[in-house]
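Student: Structure supplied as my_file.csv; contents: CSV, C-alpha atoms and all ligand atoms.
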```csv
chain,number,residue,atom,x,y,z
A,1,MET,CA,-220.8,-53.7,39.2
A,2,SER,CA,-221.8,-51.1,36.7
A,3,ARG,CA,-223.9,-48.1,37.8
A,4,VAL,CA,-226.2,-49.0,40.6
A,5,ARG,CA,-229.2,-47.0,41.8
A,6,ILE,CA,-230.9,-47.8,45.1
A,7,LEU,CA,-234.2,-46.4,46.2
A,8,VAL,CA,-234.4,-46.1,50.0
A,9,VAL,CA,-238.0,-45.8,51.4
A,10,GLU,CA,-237.6,-45.0,55.0
A,11,ASP,CA,-239.4,-42.4,57.2
A,12,ASP,CA,-236.8,-42.3,60.0
A,13,GLU,CA,-234.5,-39.5,59.0
A,14,GLY,CA,-231.4,-40.7,60.9
A,15,VAL,CA,-231.7,-44.3,59.6
A,16,GLY,CA,-232.4,-43.2,56.0
A,17,GLU,CA,-229.5,-40.8,55.9
A,18,ALA,CA,-227.1,-43.4,57.4
A,19,LEU,CA,-228.3,-45.9,54.6
A,20,VAL,CA,-227.7,-43.3,51.9
A,21,GLU,CA,-224.3,-42.6,53.3
A,22,THR,CA,-223.4,-46.3,53.4
A,23,PHE,CA,-224.4,-46.7,49.7
A,24,THR,CA,-222.5,-43.5,48.7
A,25,VAL,CA,-219.3,-44.8,50.3
A,26,ALA,CA,-219.8,-48.0,48.4
A,27,GLY,CA,-219.9,-46.0,45.1
A,28,TRP,CA,-223.6,-46.5,44.5
A,29,GLU,CA,-226.3,-43.9,43.8
A,30,SER,CA,-229.2,-43.8,46.1
A,31,GLU,CA,-232.3,-41.7,46.7
A,32,LEU,CA,-234.2,-41.3,50.0
A,33,CYS,CA,-238.0,-41.2,50.1
A,34,ARG,CA,-239.8,-40.8,53.4
A,35,ARG,CA,-243.2,-41.6,52.2
A,36,GLY,CA,-244.6,-44.6,50.3
A,37,ASP,CA,-246.4,-42.6,47.6
A,38,ASP,CA,-243.1,-40.7,47.0
A,39,GLY,CA,-241.3,-44.0,46.8
A,40,LEU,CA,-243.7,-45.4,44.2
A,41,ARG,CA,-243.1,-42.3,42.1
A,42,HIS,CA,-239.3,-42.8,42.1
A,43,VAL,CA,-239.1,-46.5,41.6
A,44,ARG,CA,-238.8,-46.6,37.8
A,45,ASP,CA,-235.1,-46.5,37.4
A,46,ALA,CA,-234.1,-48.2,40.6
A,47,ASP,CA,-232.0,-51.4,40.6
A,48,LEU,CA,-233.1,-52.2,44.1
A,49,VAL,CA,-235.6,-50.9,46.6
A,50,LEU,CA,-234.8,-50.9,50.3
A,51,LEU,CA,-238.1,-50.8,52.1
A,52,ASP,CA,-239.0,-50.0,55.7
A,53,LEU,CA,-242.3,-51.7,56.5
A,54,GLY,CA,-243.5,-48.9,58.9
A,55,LEU,CA,-244.2,-45.9,56.7
A,56,PRO,CA,-246.4,-42.9,57.6
A,57,ASP,CA,-248.8,-42.9,54.7
A,58,ILE,CA,-249.1,-46.5,53.5
A,59,ASP,CA,-248.4,-49.9,55.1
A,60,GLY,CA,-245.1,-51.3,53.8
A,61,LEU,CA,-246.9,-54.5,52.8
A,62,ASP,CA,-249.4,-52.6,50.7
A,63,PHE,CA,-246.6,-50.7,49.1
A,64,LEU,CA,-245.1,-54.0,48.1
A,65,ARG,CA,-248.3,-55.3,46.7
A,66,VAL,CA,-248.8,-52.2,44.5
A,67,LEU,CA,-245.2,-52.3,43.4
A,68,ARG,CA,-245.3,-56.0,42.6
A,69,ARG,CA,-248.2,-55.6,40.2
A,70,ALA,CA,-245.9,-53.2,38.2
A,71,SER,CA,-242.3,-54.2,38.6
A,72,THR,CA,-240.0,-57.1,39.3
A,73,VAL,CA,-237.3,-54.8,40.9
A,74,PRO,CA,-235.5,-56.6,43.8
A,75,VAL,CA,-236.9,-55.5,47.2
A,76,LEU,CA,-235.0,-55.8,50.4
A,77,VAL,CA,-237.3,-55.2,53.4
A,78,LEU,CA,-236.1,-53.6,56.6
A,79,THR,CA,-238.1,-54.4,59.6
A,80,ALA,CA,-237.7,-53.2,63.2
A,81,ARG,CA,-238.8,-56.4,64.9
A,82,ASP,CA,-238.1,-60.0,64.3
A,83,GLY,CA,-240.6,-62.7,65.0
A,84,ASP,CA,-243.8,-60.6,64.6
A,85,GLY,CA,-244.7,-62.2,61.3
A,86,ALA,CA,-243.8,-59.1,59.4
A,87,VAL,CA,-240.9,-60.8,57.6
A,88,VAL,CA,-243.0,-63.8,56.4
A,89,LEU,CA,-245.8,-61.4,55.3
A,90,GLY,CA,-243.2,-59.2,53.5
A,91,LEU,CA,-241.8,-62.2,51.6
A,92,ARG,CA,-245.3,-63.3,50.7
A,93,ALA,CA,-246.1,-59.8,49.5
A,94,GLY,CA,-243.2,-59.9,47.1
A,95,ALA,CA,-240.0,-59.0,49.0
A,96,ASP,CA,-236.8,-60.8,47.9
A,97,ASP,CA,-235.0,-60.6,51.1
A,98,TYR,CA,-235.2,-58.9,54.5
A,99,LEU,CA,-233.0,-57.5,57.3
A,100,VAL,CA,-233.8,-56.8,60.9
A,101,LYS,CA,-232.8,-53.4,62.3
A,102,PRO,CA,-230.3,-52.4,63.4
A,103,VAL,CA,-228.5,-53.5,60.3
A,104,ARG,CA,-224.8,-54.1,60.1
A,105,GLN,CA,-223.2,-52.3,57.2
A,106,ALA,CA,-221.2,-55.3,55.9
A,107,VAL,CA,-224.3,-57.5,55.9
A,108,LEU,CA,-226.4,-54.8,54.2
A,109,LEU,CA,-223.9,-54.3,51.4
A,110,ALA,CA,-223.4,-58.0,50.8
A,111,ARG,CA,-227.2,-58.6,50.6
A,112,VAL,CA,-227.7,-55.7,48.3
A,113,GLN,CA,-224.9,-56.8,46.0
A,114,ALA,CA,-226.2,-60.4,45.9
A,115,LEU,CA,-229.8,-59.3,45.0
A,116,ILE,CA,-228.7,-56.9,42.2
A,117,ARG,CA,-226.3,-59.5,40.7
A,118,ARG,CA,-229.1,-62.1,40.7
A,119,SER,CA,-231.6,-59.8,39.1
A,120,ARG,CA,-229.2,-58.7,36.4
A,121,VAL,CA,-228.4,-62.2,35.4
A,122,GLY,CA,-232.1,-63.1,35.3
A,123,ARG,CA,-232.9,-60.1,33.2
A,124,LYS,CA,-230.3,-60.9,30.6
A,125,GLY,CA,-231.6,-64.4,30.2
A,126,HIS,CA,-235.1,-63.3,29.8
A,127,ASP,CA,-234.6,-60.5,27.4
A,128,SER,CA,-235.1,-61.8,23.8
A,129,GLY,CA,-235.0,-58.4,22.2
A,130,ALA,CA,-238.3,-59.3,20.4
A,131,ALA,CA,-239.8,-55.9,21.3
A,132,ASP,CA,-237.4,-54.2,18.8
A,133,GLU,CA,-239.0,-56.1,15.9
A,134,PRO,CA,-241.9,-54.3,14.2
A,135,LEU,CA,-245.3,-55.9,15.0
A,136,VAL,CA,-247.7,-56.4,12.1
A,137,PHE,CA,-251.5,-56.8,12.4
A,138,GLY,CA,-253.2,-56.7,9.0
A,139,ALA,CA,-252.4,-53.4,7.4
A,140,LEU,CA,-251.1,-52.0,10.7
A,141,ARG,CA,-247.4,-52.0,11.3
A,142,LEU,CA,-246.1,-50.9,14.7
A,143,ASP,CA,-242.5,-50.0,14.7
A,144,LEU,CA,-242.2,-49.0,18.3
A,145,ALA,CA,-238.4,-48.9,18.4
A,146,ALA,CA,-238.6,-46.2,15.7
A,147,ARG,CA,-241.8,-44.8,17.4
A,148,GLU,CA,-243.7,-45.1,14.1
A,149,VAL,CA,-247.1,-46.6,13.3
A,150,THR,CA,-248.3,-47.0,9.8
A,151,ARG,CA,-251.5,-48.3,8.2
A,152,GLY,CA,-251.3,-49.4,4.6
A,153,GLY,CA,-248.0,-47.6,4.4
A,154,GLU,CA,-249.4,-44.3,5.7
A,155,ARG,CA,-248.1,-42.9,8.9
A,156,VAL,CA,-250.7,-42.6,11.6
A,157,ALA,CA,-250.1,-39.5,13.8
A,158,LEU,CA,-250.0,-40.6,17.5
A,159,THR,CA,-249.1,-38.4,20.5
A,160,ALA,CA,-246.0,-39.2,22.6
A,161,THR,CA,-248.2,-40.6,25.4
A,162,GLU,CA,-250.2,-42.8,23.0
A,163,LEU,CA,-247.0,-44.2,21.7
A,164,ASP,CA,-245.7,-44.8,25.2
A,165,VAL,CA,-248.9,-46.7,26.2
A,166,LEU,CA,-248.8,-48.8,23.0
A,167,ALA,CA,-245.1,-49.6,23.6
A,168,ALA,CA,-245.8,-50.6,27.2
A,169,VAL,CA,-248.6,-53.0,26.1
A,170,ALA,CA,-246.5,-54.3,23.2
A,171,SER,CA,-243.5,-55.0,25.4
A,172,ARG,CA,-244.8,-58.6,25.7
A,173,PRO,CA,-247.0,-59.3,22.7
A,174,GLY,CA,-249.7,-61.9,23.3
A,175,GLU,CA,-249.4,-61.6,27.1
A,176,ALA,CA,-251.5,-59.6,29.5
A,177,VAL,CA,-249.7,-56.6,30.9
A,178,SER,CA,-251.1,-55.1,34.2
A,179,ARG,CA,-252.4,-51.6,34.4
A,180,GLU,CA,-249.9,-50.9,37.1
A,181,GLU,CA,-247.0,-52.0,34.9
A,182,ILE,CA,-248.2,-49.8,32.0
A,183,GLN,CA,-248.7,-46.8,34.3
A,184,LEU,CA,-245.2,-47.3,35.8
A,185,GLN,CA,-243.6,-47.3,32.3
A,186,VAL,CA,-245.6,-44.4,31.0
A,187,TRP,CA,-246.0,-42.1,34.0
A,188,GLY,CA,-243.3,-43.4,36.3
A,189,THR,CA,-245.7,-44.4,39.0
A,190,PRO,CA,-248.0,-47.5,39.3
A,191,ALA,CA,-250.4,-45.4,41.5
A,192,VAL,CA,-254.1,-46.0,41.0
A,193,GLY,CA,-254.8,-42.3,40.3
A,194,ARG,CA,-253.5,-42.7,36.8
A,195,SER,CA,-256.1,-45.3,36.0
A,196,ARG,CA,-258.5,-42.9,34.2
A,197,SER,CA,-255.7,-41.4,32.1
A,198,LEU,CA,-254.7,-44.9,31.0
A,199,ASP,CA,-258.3,-45.6,29.9
A,200,PHE,CA,-258.4,-42.4,28.1
A,201,PHE,CA,-255.3,-43.2,26.0
A,202,VAL,CA,-256.4,-46.7,25.3
A,203,ALA,CA,-259.6,-45.4,24.0
A,204,SER,CA,-257.8,-42.9,21.8
A,205,LEU,CA,-255.5,-45.6,20.4
A,206,ARG,CA,-258.5,-47.7,19.6
A,207,SER,CA,-260.2,-44.9,17.8
A,208,LYS,CA,-257.1,-43.9,15.8
A,209,LEU,CA,-256.0,-47.4,14.9
A,210,GLY,CA,-259.4,-49.1,14.5
A,211,GLU,CA,-260.4,-52.7,14.8
A,212,GLU,CA,-257.2,-54.0,13.3
A,213,LEU,CA,-255.4,-53.1,16.5
A,214,PRO,CA,-255.9,-56.3,18.6
A,215,LEU,CA,-255.7,-54.4,21.9
A,216,ARG,CA,-257.8,-56.4,24.3
A,217,THR,CA,-259.0,-55.5,27.8
A,218,VAL,CA,-258.1,-58.1,30.4
A,219,ARG,CA,-260.8,-57.5,33.0
A,220,GLY,CA,-259.6,-56.6,36.4
A,221,PHE,CA,-256.0,-56.8,35.3
A,222,GLY,CA,-254.9,-54.8,32.3
A,223,PHE,CA,-254.5,-55.1,28.6
A,224,ARG,CA,-253.1,-57.6,26.0
A,225,LEU,CA,-251.9,-56.9,22.5
A,226,GLY,CA,-252.6,-59.8,20.1
A,227,GLY,CA,-252.8,-63.5,21.0
B,1,CA,CA,-240.5,-46.5,59.9
```
Would it be possible to restate this file's structure as structure tokens?
Ligand code: CA
Tutor:
Amino acid sequence: MSRVRILVVEDDEGVGEALVETFTVAGWESELCRRGDDGLRHVRDADLVLLDLGLPDIDGLDFLRVLRRASTVPVLVLTARDGDGAVVLGLRAGADDYLVKPVRQAVLLARVQALIRRSRVGRKGHDSGAADEPLVFGALRLDLAAREVTRGGERVALTATELDVLAAVASRPGEAVSREEIQLQVWGTPAVGRSRSLDFFVASLRSKLGEELPLRTVRGFGFRLGG
């Protein structure tokens, strides 16, 4: 497999370091986070998340729910006990697979490989490349691949973050994109604390680009561009 990056969210130092060691030997990059909030901040470039359900700052299931509103990254849950319902709840909250501790190395590597392969195949099939085409709304032309927005041929000056927010919403034109997904793309974390920043940048985009920009608020969820 080409470059693989695994995010390990595990508060037990011994277990976490053993996992990182296993992945390093397998030739994969990995990063260890001991807290959930730290994990959410480092999830952006991960190919897979290995998640311990018992974290010090946030319940693993809540971590999963927040993550799933923002990202489809494969998640493999690690749980200390079998048969306590945690596994079922984990899968319901958005995990792709689970392992009960203690984990055998060969089993862990096989499961991780299977999940990453599956998600890469899925992503290729889904990616139409449509986001690279400029979007045109009346006199507005959004060329986000070139990071350029023009109105009637005149360039509109947008800040880097305004362009990032616009690109995130425009990644699936006509479809609602969740606040968490936008926040993850722009700031690298889906955390709720970014919510007010997002509202600020949406307001400034609307004021700079005017009513021709069909940027709609989808109440209680996020935003939609066009459609
Ligand atoms: Ca734990």
Student: Which residues are near ligand CA 1 (chain B) - at most 6 Å, using only C-alpha atoms and all ligand atoms? Format: as a ChimeraX atom specification.
Tutor: /A:10-12,52,54-55
Student: Can you find the residues with an atom no farther than 9 Å from (-237.5, -58.4, 41.3), counting all atoms listed in the file, and report them as a ChimeraX atom specification?
Tutor: /A:47-48,68,71-75,94-96,115-116,119
Student: Report the distance between atom CA of A:Thr79 and atom CA of A:Gly36 in Å, rounded to one decimal place.
Tutor: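 Between these atoms lies a distance of 15.0 Å.
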Student: Taking into account all atoms listed in the file, which residue in the set A:Arg216, A:Arg41, A:Arg5, A:Arg34 is nearest to A:Val112?
Tutor: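 Checking each of A:Arg216, A:Arg41, A:Arg5, A:Arg34 against A:Val112, counting all atoms listed in the file, the winner is A:Arg5.
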Student: Using all atoms listed in the file, give me every residue within 9 Å of (-257.6, -53.7, 14.1) in file coordinates, as a list in words.
Tutor: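 Residues lying no farther than 9 Å from the given point: Phe137, Gly138, Ala139, Leu140, Arg206, Leu209, Gly210, Glu211, Glu212, Leu213, Pro214 and Leu215 of chain A.
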Student: Take the residues just selected and output them with C-alpha atoms as a short mmCIF file (atom, residue, chain, number, x, y, z; two decimals), in the coordinates of the input.
Tutor:
```cif
data_model
loop_
_atom_site.label_atom_id
_atom_site.label_comp_id
_atom_site.auth_asym_id
_atom_site.auth_seq_id
_atom_site.Cartn_x
_atom_site.Cartn_y
_atom_site.Cartn_z
CA PHE A 137 -251.50 -56.80 12.40
CA GLY A 138 -253.20 -56.70 9.00
CA ALA A 139 -252.40 -53.40 7.40
CA LEU A 140 -251.10 -52.00 10.70
CA ARG A 206 -258.50 -47.70 19.60
CA LEU A 209 -256.00 -47.40 14.90
CA GLY A 210 -259.40 -49.10 14.50
CA GLU A 211 -260.40 -52.70 14.80
CA GLU A 212 -257.20 -54.00 13.30
CA LEU A 213 -255.40 -53.10 16.50
CA PRO A 214 -255.90 -56.30 18.60
CA LEU A 215 -255.70 -54.40 21.90
#
```
Student: I'd like the neighbourhood of A:Leu78 as a ChimeraX atom specification, where a residue qualifies if any of its atoms comes within 10 Å (using all atoms listed in the file), though same-chain residues fewer than 3 positions away should be ignored.
Tutor: /A:9-10,50-54,60,75,81,86-87,90,97-103
Student: Could you please determine the separation between atom CA of A:Ser197 and atom CA of A:Leu61 in Å, to one decimal place?
Tutor: 26.0 Å
Student: With a distance cut-off of 8 Å and only C-alpha atoms, select the neighbouring residues of stretch 37-39 of chain A, excluding the residue or stretch itself and same-chain residues fewer than 2 positions from it, and output the selection as a list of chain:residue names.
Tutor: A:Leu7, A:Val8, A:Val9, A:Cys33, A:Arg34, A:Arg35, A:Arg41, A:His42, A:Val43, A:Asp57, A:Ile58, A:Ala191
